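Trainee: To be precise about what I am sending: the file is called upload28.cif and holds mmCIF, C-alpha atoms and all ligand atoms.
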```
data_target
#
loop_
_atom_site.label_atom_id
_atom_site.label_comp_id
_atom_site.auth_asym_id
_atom_site.auth_seq_id
_atom_site.Cartn_x
_atom_site.Cartn_y
_atom_site.Cartn_z
CA MET O 1 0.00 0.00 0.00
CA ILE O 2 1.22 3.47 -0.87
CA GLU O 3 -0.08 6.98 -0.59
CA ARG O 4 -2.05 8.15 -3.61
CA SER O 5 0.37 8.45 -6.53
CA ALA O 6 0.83 11.56 -8.62
CA ASP O 7 -0.52 9.63 -11.63
CA LEU O 8 -3.77 8.83 -9.85
CA GLN O 9 -4.17 12.36 -8.49
CA LEU O 10 -3.63 13.80 -11.96
CA PHE O 11 -6.25 11.46 -13.40
CA ILE O 12 -8.76 12.39 -10.67
CA ASP O 13 -8.13 16.09 -11.31
CA ALA O 14 -8.54 15.62 -15.06
CA ALA O 15 -11.71 13.57 -14.58
CA PHE O 16 -13.20 16.20 -12.28
CA ALA O 17 -12.54 18.92 -14.83
CA VAL O 18 -14.45 16.95 -17.46
CA PHE O 19 -17.35 15.79 -15.26
CA ASP O 20 -17.72 19.33 -13.90
CA ARG O 21 -17.82 20.84 -17.37
CA GLN O 22 -20.05 18.20 -18.97
CA VAL O 23 -22.65 17.23 -16.35
CA GLU O 24 -25.74 19.44 -16.54
CA ASP O 25 -28.37 17.30 -14.80
CA LEU O 26 -28.88 18.82 -11.35
CA ASN O 27 -28.85 15.48 -9.56
CA GLY O 28 -25.75 14.51 -11.50
CA ARG O 29 -24.04 17.77 -10.54
CA ARG O 30 -24.87 17.31 -6.87
CA SER O 31 -23.61 13.73 -7.04
CA ILE O 32 -20.31 14.44 -8.77
CA LEU O 33 -19.55 17.40 -6.49
CA GLU O 34 -20.10 15.08 -3.53
CA ILE O 35 -17.96 12.32 -5.08
CA PHE O 36 -15.02 14.52 -5.99
CA GLY O 37 -15.34 16.24 -2.61
CA LEU O 38 -14.94 12.85 -0.92
CA LEU O 39 -11.96 12.13 -3.17
CA GLU O 40 -10.13 15.08 -1.63
CA HIS O 41 -9.56 12.64 1.22
CA LYS O 42 -6.90 10.39 -0.19
CA GLY O 43 -7.09 6.64 0.28
CA VAL O 44 -4.27 4.16 -0.01
CA GLU O 45 -3.23 2.82 -3.36
CA LYS O 46 -2.36 -0.75 -4.25
CA HIS O 47 1.08 -1.75 -5.46
CA GLY O 48 1.69 -3.85 -8.48
CA THR O 49 0.66 -4.20 -12.06
CA GLY O 50 -2.80 -4.52 -13.52
CA SER O 51 -4.28 -7.22 -15.71
CA ARG O 52 -6.10 -7.05 -19.00
CA LEU O 53 -8.85 -9.10 -20.65
CA PRO O 54 -9.34 -9.99 -24.35
CA VAL O 55 -11.58 -6.97 -25.00
CA CYS O 56 -8.68 -4.66 -24.09
CA GLU O 57 -7.43 -5.10 -27.64
CA TRP O 58 -10.01 -2.38 -28.40
CA LEU O 59 -8.45 0.05 -25.94
CA PRO O 60 -6.23 1.88 -28.47
CA GLU O 61 -9.27 2.58 -30.66
CA ALA O 62 -11.30 3.71 -27.64
CA LEU O 63 -8.52 6.07 -26.56
CA ALA O 64 -8.16 7.55 -30.04
CA LEU O 65 -11.04 9.90 -29.39
CA LYS O 66 -10.85 11.77 -32.71
CA VAL O 67 -12.51 14.79 -31.15
CA ASP O 68 -10.72 18.12 -30.87
CA ASP O 69 -11.37 18.74 -27.20
CA PRO O 70 -8.26 19.39 -25.09
CA LEU O 71 -9.98 18.65 -21.77
CA LEU O 72 -11.26 15.25 -22.93
CA GLN O 73 -7.90 14.48 -24.54
CA HIS O 74 -6.13 15.39 -21.31
CA MET O 75 -8.37 13.09 -19.26
CA LEU O 76 -7.76 10.21 -21.66
CA GLY O 77 -4.02 10.84 -21.55
CA ARG O 78 -4.07 10.67 -17.76
CA PHE O 79 -6.15 7.50 -17.97
CA GLU O 80 -3.68 5.95 -20.40
CA ALA O 81 -0.83 6.64 -17.98
CA LEU O 82 -2.72 4.85 -15.21
CA GLU O 83 -4.23 1.99 -17.20
CA PRO O 84 -1.32 -0.49 -16.95
CA ARG O 85 -1.96 -0.62 -13.19
CA LEU O 86 -5.71 -1.30 -13.44
CA LYS O 87 -7.30 -4.72 -13.08
CA TRP O 88 -9.87 -5.24 -15.81
CA ARG O 89 -12.64 -7.61 -14.72
CA ARG O 90 -15.71 -9.24 -16.17
CA ARG O 91 -19.13 -8.67 -14.67
CA SER O 92 -20.01 -11.97 -13.01
CA LYS O 93 -23.78 -11.49 -12.97
CA TYR O 94 -25.75 -11.30 -16.21
CA ASP O 95 -28.93 -12.69 -17.73
CA ASP O 96 -30.37 -13.21 -21.19
CA THR O 97 -30.60 -9.45 -21.77
CA ALA O 98 -26.84 -9.61 -22.46
CA SER O 99 -25.68 -10.44 -25.98
CA GLU O 100 -24.07 -13.83 -26.58
CA ASN O 101 -20.67 -12.20 -27.09
CA PHE O 102 -20.92 -10.31 -23.80
CA VAL O 103 -18.48 -12.36 -21.71
CA ASP O 104 -15.41 -11.74 -23.87
CA GLY O 105 -16.83 -8.53 -25.31
CA HIS O 106 -16.62 -6.36 -22.21
CA ALA O 107 -14.51 -5.43 -19.21
CA ASN O 108 -14.83 -3.06 -16.26
CA ALA O 109 -12.07 -1.48 -14.22
CA VAL O 110 -12.50 0.25 -10.88
CA ILE O 111 -10.02 3.11 -10.57
CA VAL O 112 -11.15 4.32 -7.16
CA GLY O 113 -13.63 2.29 -5.13
CA PRO O 114 -14.21 -1.25 -3.87
CA GLY O 115 -11.48 -3.50 -5.29
CA GLY O 116 -10.00 -0.59 -7.21
CA LEU O 117 -6.52 0.79 -7.55
CA GLU O 118 -7.40 3.02 -4.60
CA ASP O 119 -9.48 0.57 -2.60
CA ARG O 120 -12.24 2.34 -0.63
CA ASP O 121 -15.95 1.90 -0.09
CA ASP O 122 -17.43 5.42 -0.10
CA VAL O 123 -17.19 6.19 -3.84
CA TRP O 124 -16.70 4.40 -7.14
CA LEU O 125 -14.94 5.85 -10.17
CA GLY O 126 -14.56 3.30 -12.91
CA VAL O 127 -14.75 2.57 -16.59
CA THR O 128 -16.35 0.11 -19.01
CA LEU O 129 -14.96 -0.99 -22.36
CA MET O 130 -17.01 -3.00 -24.83
CA ALA O 131 -16.12 -4.38 -28.24
CA PRO O 132 -18.36 -3.42 -31.18
CA GLY O 133 -21.74 -5.17 -31.31
CA VAL O 134 -22.07 -6.02 -27.61
CA ARG O 135 -25.12 -5.55 -25.37
CA TYR O 136 -24.45 -5.17 -21.64
CA PRO O 137 -27.13 -6.81 -19.47
CA ASP O 138 -29.83 -4.87 -17.68
CA HIS O 139 -28.62 -4.15 -14.18
CA ASN O 140 -29.32 -1.88 -11.24
CA HIS O 141 -27.71 -0.86 -7.98
CA ALA O 142 -28.55 1.21 -4.94
CA PRO O 143 -25.97 3.99 -5.45
CA GLU O 144 -26.90 6.80 -7.81
CA GLU O 145 -24.59 7.05 -10.80
CA THR O 146 -23.40 9.58 -13.34
CA TYR O 147 -21.99 8.37 -16.65
CA LEU O 148 -19.46 10.16 -18.81
CA VAL O 149 -19.44 8.62 -22.26
CA LEU O 150 -16.34 8.97 -24.44
CA SER O 151 -17.39 6.98 -27.48
CA ASP O 152 -20.34 6.25 -29.68
CA GLY O 153 -22.80 3.71 -28.32
CA GLU O 154 -26.30 3.66 -26.88
CA PHE O 155 -27.76 3.63 -23.38
CA ARG O 156 -31.09 2.97 -21.77
CA GLN O 157 -32.68 3.91 -18.44
CA GLY O 158 -35.67 1.97 -17.15
CA ASP O 159 -37.71 1.10 -20.23
CA SER O 160 -36.75 4.24 -22.13
CA ALA O 161 -35.77 4.23 -25.77
CA TRP O 162 -32.07 3.75 -26.47
CA PHE O 163 -30.21 7.07 -26.64
CA ALA O 164 -26.71 8.05 -27.71
CA PRO O 165 -25.07 10.67 -25.43
CA GLY O 166 -22.14 11.00 -27.86
CA LYS O 167 -18.50 11.69 -27.04
CA GLY O 168 -18.43 13.77 -23.87
CA GLY O 169 -22.11 13.12 -23.18
CA THR O 170 -23.33 12.48 -19.65
CA PHE O 171 -26.45 11.23 -17.90
CA TYR O 172 -27.60 10.47 -14.37
CA ASN O 173 -29.06 7.20 -13.08
CA LEU O 174 -31.42 7.37 -10.11
CA PRO O 175 -30.78 4.85 -7.30
CA ASN O 176 -31.93 1.36 -8.32
CA ILE O 177 -33.03 2.32 -11.83
CA LYS O 178 -32.57 -0.47 -14.36
CA HIS O 179 -30.05 0.50 -17.03
CA ALA O 180 -28.06 -0.97 -19.90
CA MET O 181 -25.73 -0.05 -22.76
CA ARG O 182 -24.87 -1.40 -26.18
CA SER O 183 -22.08 -0.71 -28.63
CA LEU O 184 -22.72 -0.29 -32.32
CA ASN O 185 -19.96 -0.50 -34.96
CA THR O 186 -17.21 0.86 -32.72
CA PRO O 187 -16.05 0.12 -29.17
CA LEU O 188 -18.02 1.67 -26.33
CA PHE O 189 -15.99 3.43 -23.66
CA ALA O 190 -17.60 5.13 -20.67
CA PHE O 191 -16.66 6.27 -17.18
CA TRP O 192 -19.05 6.08 -14.24
CA ALA O 193 -19.04 7.76 -10.86
CA LEU O 194 -21.15 6.43 -8.01
CA CYS O 195 -21.79 7.48 -4.49
CA ALA O 196 -23.93 5.76 -1.88
FE FE W 1 -24.44 1.08 -13.39
#
```
Would you write the structure of this file as structure tokens?
Mentor:
Amino acid sequence: MIERSADLQLFIDAAFAVFDRQVEDLNGRRSILEIFGLLEHKGVEKHGTGSRLPVCEWLPEALALKVDDPLLQHMLGRFEALEPRLKWRRRSKYDDTASENFVDGHANAVIVGPGGLEDRDDVWLGVTLMAPGVRYPDHNHAPEETYLVLSDGEFRQGDSAWFAPGKGGTFYNLPNIKHAMRSLNTPLFAFWALCA
């Protein structure tokens, strides 16, 4: 265990700048201000190297944002510096709402939060990567959640129609609302921030 590294602090700062600029929903704004406020209290960071999964072959394409937005580019650069130390994991729970290629077509990494690089239980800041043509299963959880989407791809809340926030788009999930995402012809790459 080590104190929070400069790399992680720089990523958190870069992520806050983007969430703060992009999130307009009032609940989302309240939530992210609370989350990044909590993150001013530094946790302890794990040693060691991360581990990747097959879907991580899509990471270079996901990180090549192809959008002229210095703030988003900066956040992705800070993420790229940190990524070799993240443990990418599969979601263990899924049902028949997931596509057949889901298991090897997705991965999640917790940057800060339970089981994350900075292991703590008051907030979650993490990321999902999906290969093209993958449907993530319907799921829900008690903490409210704000997504920051950095790719194409579609999302759904409750039984709403699928919507595409676009690169830099954000949306807020109420506690326990059912939600899902699906990639189209390109990888889907999205960050999420949760707070109990
Ligand atoms: Fe979620």
Trainee: Contacts of Phe79 (chain O) at 9 Å or less, counting only C-alpha atoms, minus same-chain residues fewer than 3 places along, as JSON, numbers by chain?
Mentor: {"O": [7, 8, 11, 14, 15, 74, 75, 76, 82, 83]}
Trainee: Please identify the residues whose atoms come within 9 Å of ligand FE 1 (chain W), using only C-alpha atoms and all ligand atoms, and report them as a list in words.
Mentor: His139, Asn140, His141, Pro143, Glu144, Glu145, Thr146, Tyr147, Asn173, Ile177, Lys178, His179, Ala180, Trp192, Ala193 and Leu194 of chain O
Trainee: When you draw a straight line from CA of Pro165 (chain O) to CA of Pro114 (chain O), how long is it in Å?
Mentor: 26.9 Å
Trainee: Using only C-alpha atoms, which protein or nucleic acid residues come within 7 Å of Gly166 (chain O)? Drop anything in the same chain fewer than 3 positions from it, and give the result as a list of chain:residue names.
Mentor: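 So the residues in contact are O:Val149, O:Ser151, O:Asp152, O:Gly169.
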Trainee: Quick one: pull the distance between CA of Leu184 (chain O) and CA of Val55 (chain O), Å, one decimal.
Mentor: 14.9 Å
Trainee: Fewer than 4 positions away in the same chain doesn't count, so skip those; otherwise give me all residues within 6 Å of Tyr136 (chain O), counting all atoms listed in the file, as number ranges by chain.
Mentor: O: 98, 180-182
Trainee: Keeping only C-alpha atoms, write the selected residues to a file as a PDB file, in the frame of the given file.
Mentor:
```
ATOM      1  CA  ALA O  98     -26.840  -9.610 -22.460  1.00  0.00           C
ATOM      2  CA  ALA O 180     -28.060  -0.970 -19.900  1.00  0.00           C
ATOM      3  CA  MET O 181     -25.730  -0.050 -22.760  1.00  0.00           C
ATOM      4  CA  ARG O 182     -24.870  -1.400 -26.180  1.00  0.00           C
TER       5      ARG O 182
END
```
Trainee: Find the distance between CA of Asp25 (chain O) and CA of Gly153 (chain O) and write it in Å to one decimal.
Mentor: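 The value is 20.0 Å.
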Trainee: Point out the residue among O:Val112, O:Ile35, O:Leu71, O:Gly77 with the least atom-to-atom distance to Arg21 (chain O), counting only C-alpha atoms.
Mentor: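 Looking at the shortest contact to Arg21 (chain O), the residue is O:Leu71.
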Trainee: Which of these residues is nearest to Glu24 (chain O), using all atoms listed in the file: O:Leu129, O:Leu148, O:Leu63, O:Ala6?
Mentor: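 Ranking O:Leu129, O:Leu148, O:Leu63, O:Ala6 by distance to Glu24 (chain O), first place goes to O:Leu148.
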Trainee: For Phe102 (chain O), which residue among O:Gly133, O:Pro70, O:Gly115, O:Gly48 is the nearest when counting all atoms listed in the file?
Mentor: O:Gly133
Trainee: Given the choices O:Lys167, O:Cys195, O:Ser31, O:Gln22, which gets closest to Ala64 (chain O) if the distance is worked out from only C-alpha atoms?
Mentor: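 Among O:Lys167, O:Cys195, O:Ser31, O:Gln22, it is O:Lys167 that comes nearest to Ala64 (chain O).
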Trainee: Contacts of Arg90 (chain O) at 12 Å or less, counting all atoms listed in the file, minus same-chain residues fewer than 5 places along, as a PyMOL selection string?
Mentor: chain O and resi 51-56+102-110+127-130+136
Trainee: So which one's closest to Val44 (chain O), O:Lys66, O:Arg156, O:Arg4, O:Arg135? Using only C-alpha atoms, please.
Mentor: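 The answer is O:Arg4, which sits nearest to Val44 (chain O).
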Trainee: Which residue out of O:Gly50, O:Gly43, O:Pro137, O:Gly28 has the minimum interatomic distance to Asp95 (chain O) when only C-alpha atoms are used?
Mentor: O:Pro137
